[in-house]
file start.tsv (TSV, C-alpha atoms)
chain	number	residue	atom	x	y	z
A	1	GLU	CA	-154.16	-105.60	141.89
A	2	ILE	CA	-156.55	-103.97	139.45
A	3	TYR	CA	-158.67	-100.93	140.38
A	4	SER	CA	-161.79	-100.40	138.28
A	5	VAL	CA	-163.64	-97.07	138.23
A	6	THR	CA	-167.26	-98.08	137.77
A	7	THR	CA	-169.40	-95.18	136.56
A	8	ASP	CA	-173.04	-95.77	135.77
A	9	GLY	CA	-173.86	-92.07	135.37
A	10	ILE	CA	-172.33	-88.60	135.45
A	11	GLY	CA	-172.38	-87.11	138.93
A	12	GLY	CA	-174.13	-88.47	141.96
A	13	ILE	CA	-174.10	-91.73	143.90
A	14	MET	CA	-173.60	-94.86	141.82
A	15	THR	CA	-175.60	-98.06	142.07
A	16	SER	CA	-172.44	-100.06	141.29
A	17	PRO	CA	-169.40	-98.96	143.35
A	18	ASP	CA	-165.77	-99.11	142.24
A	19	LYS	CA	-163.93	-102.44	142.34
A	20	LEU	CA	-160.48	-103.45	143.59
A	21	TYR	CA	-159.52	-106.87	142.29
A	22	ARG	CA	-156.77	-108.82	144.00
A	23	ARG	CA	-155.38	-112.19	142.93
A	24	ALA	CA	-157.05	-114.90	144.95
A	25	THR	CA	-154.85	-116.97	147.26
A	26	SER	CA	-155.15	-120.73	147.56
A	27	ALA	CA	-155.06	-122.63	150.87
A	28	ASP	CA	-151.27	-123.13	150.59
A	29	GLY	CA	-150.70	-119.36	150.22
A	30	THR	CA	-149.90	-119.34	146.52
A	31	LYS	CA	-151.71	-117.15	144.03
A	32	SER	CA	-154.48	-118.79	142.03
A	33	ASP	CA	-155.98	-117.92	138.66
A	34	GLY	CA	-159.01	-116.24	140.22
A	35	TRP	CA	-159.60	-112.65	141.29
A	36	THR	CA	-161.55	-111.27	144.27
A	37	ASP	CA	-163.16	-107.83	144.61
A	38	VAL	CA	-161.71	-107.03	148.03
A	39	LEU	CA	-163.90	-103.92	148.41
A	40	LYS	CA	-166.87	-106.29	148.89
A	41	LEU	CA	-165.24	-107.93	151.91
A	42	PRO	CA	-166.58	-107.00	155.39
A	43	GLY	CA	-165.18	-103.77	156.81
A	44	ASN	CA	-163.95	-102.41	153.48
A	45	SER	CA	-165.63	-99.51	151.70
A	46	ALA	CA	-165.70	-98.64	148.01
A	47	ASN	CA	-165.95	-95.27	146.30
A	48	GLN	CA	-169.69	-94.71	145.76
A	49	HIS	CA	-169.42	-91.51	143.72
A	50	SER	CA	-169.25	-91.12	139.97
A	51	GLY	CA	-165.54	-91.23	139.23
A	52	LEU	CA	-164.01	-90.67	135.82
A	53	SER	CA	-160.31	-91.34	136.32
A	54	ALA	CA	-157.97	-93.11	138.73
A	55	ALA	CA	-154.23	-93.10	139.42
A	56	CYS	CA	-152.13	-95.49	141.47
A	57	VAL	CA	-150.00	-93.75	144.06
A	58	ALA	CA	-146.73	-95.01	145.54
A	59	ARG	CA	-146.66	-92.94	148.72
A	60	ASN	CA	-143.43	-91.61	150.22
A	61	ASP	CA	-143.92	-93.79	153.33
A	62	GLY	CA	-143.96	-97.01	151.26
A	63	ARG	CA	-147.73	-97.46	151.25
A	64	HIS	CA	-149.83	-97.57	148.10
A	65	ALA	CA	-153.18	-95.94	147.35
A	66	VAL	CA	-155.56	-95.22	144.48
A	67	ALA	CA	-156.70	-91.65	143.84
A	68	VAL	CA	-160.06	-91.21	142.07
A	69	ALA	CA	-161.26	-88.00	140.37
A	70	ASN	CA	-164.98	-87.92	141.21
A	71	TYR	CA	-167.52	-85.86	139.31
A	72	GLY	CA	-169.38	-83.41	141.55
A	73	TYR	CA	-167.84	-84.76	144.76
A	74	PRO	CA	-164.45	-84.56	146.44
A	75	PRO	CA	-161.75	-86.90	145.12
A	76	ALA	CA	-161.26	-90.23	146.87
A	77	LEU	CA	-158.00	-91.72	148.09
A	78	THR	CA	-158.50	-95.43	148.68
A	79	GLU	CA	-155.91	-97.03	150.93
A	80	GLU	CA	-155.50	-100.15	153.04
A	81	ILE	CA	-154.61	-99.48	156.67
A	82	GLY	CA	-154.54	-102.30	159.20
A	83	GLY	CA	-156.21	-104.66	156.75
A	84	ILE	CA	-159.19	-102.33	156.16
A	85	ILE	CA	-159.65	-100.52	152.83
A	86	SER	CA	-161.35	-97.14	152.95
A	87	ASN	CA	-161.32	-93.57	151.62
A	88	VAL	CA	-158.66	-91.63	153.51
A	89	GLY	CA	-159.01	-88.58	151.24
A	90	PRO	CA	-160.57	-86.37	153.95
A	91	ASP	CA	-157.43	-86.92	156.08
A	92	PHE	CA	-155.43	-85.24	153.30
A	93	GLY	CA	-157.74	-82.26	152.68
A	94	PHE	CA	-159.76	-83.77	149.84
A	95	ALA	CA	-163.10	-83.17	151.60
A	96	ASP	CA	-163.23	-79.46	150.72
A	97	LYS	CA	-162.53	-79.97	147.00
A	98	PRO	CA	-165.76	-80.97	145.18
A	99	THR	CA	-164.91	-81.13	141.51
A	100	GLY	CA	-165.95	-82.03	138.03
A	101	GLY	CA	-163.04	-84.44	138.08
A	102	ARG	CA	-161.97	-85.42	134.58
A	103	GLY	CA	-158.53	-86.76	135.32
A	104	VAL	CA	-155.87	-87.44	137.93
A	105	VAL	CA	-152.14	-87.99	137.54
A	106	ALA	CA	-149.71	-89.24	140.18
A	107	ALA	CA	-146.32	-87.77	139.29
A	108	PRO	CA	-143.47	-85.67	140.71
A	109	VAL	CA	-145.23	-82.43	139.72
A	110	LEU	CA	-143.83	-80.13	142.44
A	111	SER	CA	-142.18	-82.14	145.22
A	112	GLY	CA	-140.13	-84.75	143.35
A	113	ARG	CA	-142.37	-87.39	144.96
A	114	GLN	CA	-145.87	-88.69	144.08
A	115	ASP	CA	-147.94	-85.51	143.99
A	116	LEU	CA	-151.54	-85.73	142.76
A	117	PHE	CA	-152.60	-83.41	139.93
A	118	PHE	CA	-156.38	-83.21	139.41
A	119	LEU	CA	-157.81	-81.99	136.09
A	120	ASN	CA	-161.27	-80.49	136.61
A	121	GLU	CA	-164.01	-79.07	134.43
A	122	GLY	CA	-166.03	-77.78	137.37
A	123	SER	CA	-168.83	-79.30	139.36
A	124	PRO	CA	-172.16	-80.02	137.67
A	125	PHE	CA	-173.78	-78.68	140.86
A	126	GLY	CA	-172.19	-75.21	140.60
A	127	ASP	CA	-170.14	-75.64	143.78
A	128	SER	CA	-166.67	-75.72	142.22
A	129	ASP	CA	-164.49	-73.03	140.70
A	130	ARG	CA	-163.32	-75.14	137.70
A	131	THR	CA	-159.65	-74.86	138.62
A	132	ASN	CA	-157.16	-77.69	138.48
A	133	PHE	CA	-155.24	-78.40	141.66
A	134	VAL	CA	-152.27	-80.32	143.02
A	135	PHE	CA	-151.88	-82.12	146.33
A	136	VAL	CA	-148.18	-82.15	147.19
A	137	GLU	CA	-146.84	-85.16	149.10
A	138	ARG	CA	-144.85	-84.18	152.16

call {"tool": "encode", "arguments": {"input": "start.tsv", "output": "structure tokens"}}
result
Amino acid sequence: EIYSVTTDGIGGIMTSPDKLYRRATSADGTKSDGWTDVLKLPGNSANQHSGLSAACVARNDGRHAVAVANYGYPPALTEEIGGIISNVGPDFGFADKPTGGRGVVAAPVLSGRQDLFFLNEGSPFGDSDRTNFVFVER
């Protein structure tokens, strides 16, 4: 899979959302040469905010996700659950962290597992304290 942060401006809602490309599958179940943006499929939702950086996350429970550092909005955590891809960031406390997200790193920062370190310059809307922060995987 390939996740593409698609930013058409700094801060705000984008006219072109992020993309998640997955190798297309042929009728016999083998991978083909084509790619499909699975976030365009019915039921799935893409990050609509101006993101500047993304990190792939191998979660402790075996699932995978993509964390996106958004500019002026809370970070996104895109994950597939039950065949539906959506932002589960609010479930992990991301909703109260609007940032001027410049970067995100998935690494064993504090827990020895895939923690998320967000590098921030502060929100362009004045609603962030410009501090970096870490979400520790439990």

call {"tool": "residues_around", "arguments": {"input": "start.tsv", "residues": "Pro90 (chain A)", "least_positions_apart": "2", "cutoff": "9 Å", "atoms": "all atoms listed in the file", "output": "list in words"}}
result
Pro74, Pro75, Ala76, Leu77, Asn87, Val88, Phe92, Gly93, Phe94, Ala95 and Asp96 of chain A

call {"tool": "closest_residue", "arguments": {"input": "start.tsv", "among": "A:Ile10, A:Leu39, A:Ala27, A:Ala106", "to": "His64 (chain A)", "atoms": "all atoms listed in the file"}}
result
A:Ala106

call {"tool": "closest_residue", "arguments": {"input": "start.tsv", "among": "A:Ser45, A:Thr78, A:Asn60, A:Thr131", "to": "Ser111 (chain A)", "atoms": "only C-alpha atoms"}}
result
A:Asn60

call {"tool": "residues_around", "arguments": {"input": "start.tsv", "residues": "Asp61 (chain A)", "least_positions_apart": "5", "cutoff": "12 Å", "atoms": "only C-alpha atoms", "output": "compact mmCIF listing (two decimals) with C-alpha atoms, keeping the file's coordinate frame"}}
result
# COMPACT_ATOMS: atom_id res chain seq x y z
CA ARG A 113 -142.37 -87.39 144.96
CA GLN A 114 -145.87 -88.69 144.08
CA GLU A 137 -146.84 -85.16 149.10
CA ARG A 138 -144.85 -84.18 152.16

call {"tool": "atom_distance", "arguments": {"input": "start.tsv", "atom1": "CA of Leu20 (chain A)", "atom2": "CA of Ala46 (chain A)"}}
result
8.4 Å

call {"tool": "closest_residue", "arguments": {"input": "start.tsv", "among": "A:Glu79, A:Asp37, A:Glu121, A:Asp18", "to": "Cys56 (chain A)", "atoms": "only C-alpha atoms"}}
result
A:Glu79

call {"tool": "closest_residue", "arguments": {"input": "start.tsv", "among": "A:Ala107, A:Val68, A:Ala24, A:Ile81", "to": "Thr6 (chain A)", "atoms": "all atoms listed in the file"}}
result
A:Val68

call {"tool": "build_atoms", "arguments": {"input": "start.tsv", "residues": "region 22-33 of chain A", "atoms": "all heavy atoms", "output": "tab-separated table (two decimals), in the frame of the given file"}}
result
chain	number	residue	atom	x	y	z
A	22	ARG	N	-158.04	-108.29	143.52
A	22	ARG	CA	-156.77	-108.82	144.00
A	22	ARG	C	-156.71	-110.29	143.65
A	22	ARG	O	-157.72	-110.99	143.75
A	22	ARG	CB	-156.69	-108.62	145.52
A	22	ARG	CG	-155.37	-108.96	146.14
A	22	ARG	CD	-155.35	-108.61	147.61
A	22	ARG	NE	-155.20	-107.16	147.77
A	22	ARG	CZ	-155.44	-106.51	148.90
A	22	ARG	NH1	-155.85	-107.16	149.97
A	22	ARG	NH2	-155.28	-105.21	148.96
A	23	ARG	N	-155.54	-110.76	143.24
A	23	ARG	CA	-155.38	-112.19	142.93
A	23	ARG	C	-155.79	-113.02	144.13
A	23	ARG	O	-155.40	-112.74	145.25
A	23	ARG	CB	-153.94	-112.52	142.57
A	23	ARG	CG	-153.45	-111.99	141.25
A	23	ARG	CD	-153.91	-112.77	140.04
A	23	ARG	NE	-153.61	-114.16	140.03
A	23	ARG	CZ	-152.53	-114.72	139.54
A	23	ARG	NH1	-151.60	-113.96	139.00
A	23	ARG	NH2	-152.36	-116.02	139.57
A	24	ALA	N	-156.61	-114.01	143.88
A	24	ALA	CA	-157.05	-114.90	144.95
A	24	ALA	C	-155.87	-115.75	145.42
A	24	ALA	O	-154.95	-116.03	144.66
A	24	ALA	CB	-158.18	-115.79	144.45
A	25	THR	N	-155.90	-116.15	146.68
A	25	THR	CA	-154.85	-116.97	147.26
A	25	THR	C	-155.42	-118.33	147.61
A	25	THR	O	-156.49	-118.43	148.21
A	25	THR	CB	-154.29	-116.30	148.53
A	25	THR	OG1	-153.87	-114.97	148.19
A	25	THR	CG2	-153.11	-117.06	149.08
A	26	SER	N	-154.70	-119.37	147.25
A	26	SER	CA	-155.15	-120.73	147.56
A	26	SER	C	-154.80	-121.07	149.01
A	26	SER	O	-154.12	-120.30	149.70
A	26	SER	CB	-154.51	-121.74	146.60
A	26	SER	OG	-153.11	-121.72	146.77
A	27	ALA	N	-155.25	-122.21	149.48
A	27	ALA	CA	-155.06	-122.63	150.87
A	27	ALA	C	-153.58	-122.71	151.24
A	27	ALA	O	-153.21	-122.47	152.40
A	27	ALA	CB	-155.74	-123.97	151.11
A	28	ASP	N	-152.70	-123.02	150.28
A	28	ASP	CA	-151.27	-123.13	150.59
A	28	ASP	C	-150.54	-121.78	150.48
A	28	ASP	O	-149.32	-121.72	150.60
A	28	ASP	CB	-150.59	-124.17	149.71
A	28	ASP	CG	-150.58	-123.80	148.23
A	28	ASP	OD1	-151.07	-122.70	147.87
A	28	ASP	OD2	-150.08	-124.60	147.43
A	29	GLY	N	-151.27	-120.70	150.26
A	29	GLY	CA	-150.70	-119.36	150.22
A	29	GLY	C	-150.20	-118.92	148.87
A	29	GLY	O	-149.69	-117.81	148.74
A	30	THR	N	-150.32	-119.74	147.86
A	30	THR	CA	-149.90	-119.34	146.52
A	30	THR	C	-151.04	-118.64	145.80
A	30	THR	O	-152.21	-118.82	146.13
A	30	THR	CB	-149.44	-120.56	145.69
A	30	THR	OG1	-150.52	-121.48	145.58
A	30	THR	CG2	-148.24	-121.24	146.36
A	31	LYS	N	-150.69	-117.86	144.81
A	31	LYS	CA	-151.71	-117.15	144.03
A	31	LYS	C	-152.41	-118.13	143.10
A	31	LYS	O	-151.80	-119.01	142.53
A	31	LYS	CB	-151.08	-116.03	143.20
A	31	LYS	CG	-150.37	-114.98	144.02
A	31	LYS	CD	-151.33	-114.12	144.79
A	31	LYS	CE	-150.57	-113.04	145.56
A	31	LYS	NZ	-151.38	-112.30	146.45
A	32	SER	N	-153.71	-117.94	142.94
A	32	SER	CA	-154.48	-118.79	142.03
A	32	SER	C	-154.83	-117.99	140.77
A	32	SER	O	-154.43	-116.84	140.63
A	32	SER	CB	-155.75	-119.29	142.71
A	32	SER	OG	-156.67	-118.24	142.84
A	33	ASP	N	-155.58	-118.60	139.89
A	33	ASP	CA	-155.98	-117.92	138.66
A	33	ASP	C	-157.16	-116.98	138.85
A	33	ASP	O	-157.48	-116.20	137.98
A	33	ASP	CB	-156.33	-118.95	137.58
A	33	ASP	CG	-155.11	-119.70	137.09
A	33	ASP	OD1	-154.00	-119.14	137.19
A	33	ASP	OD2	-155.26	-120.83	136.61
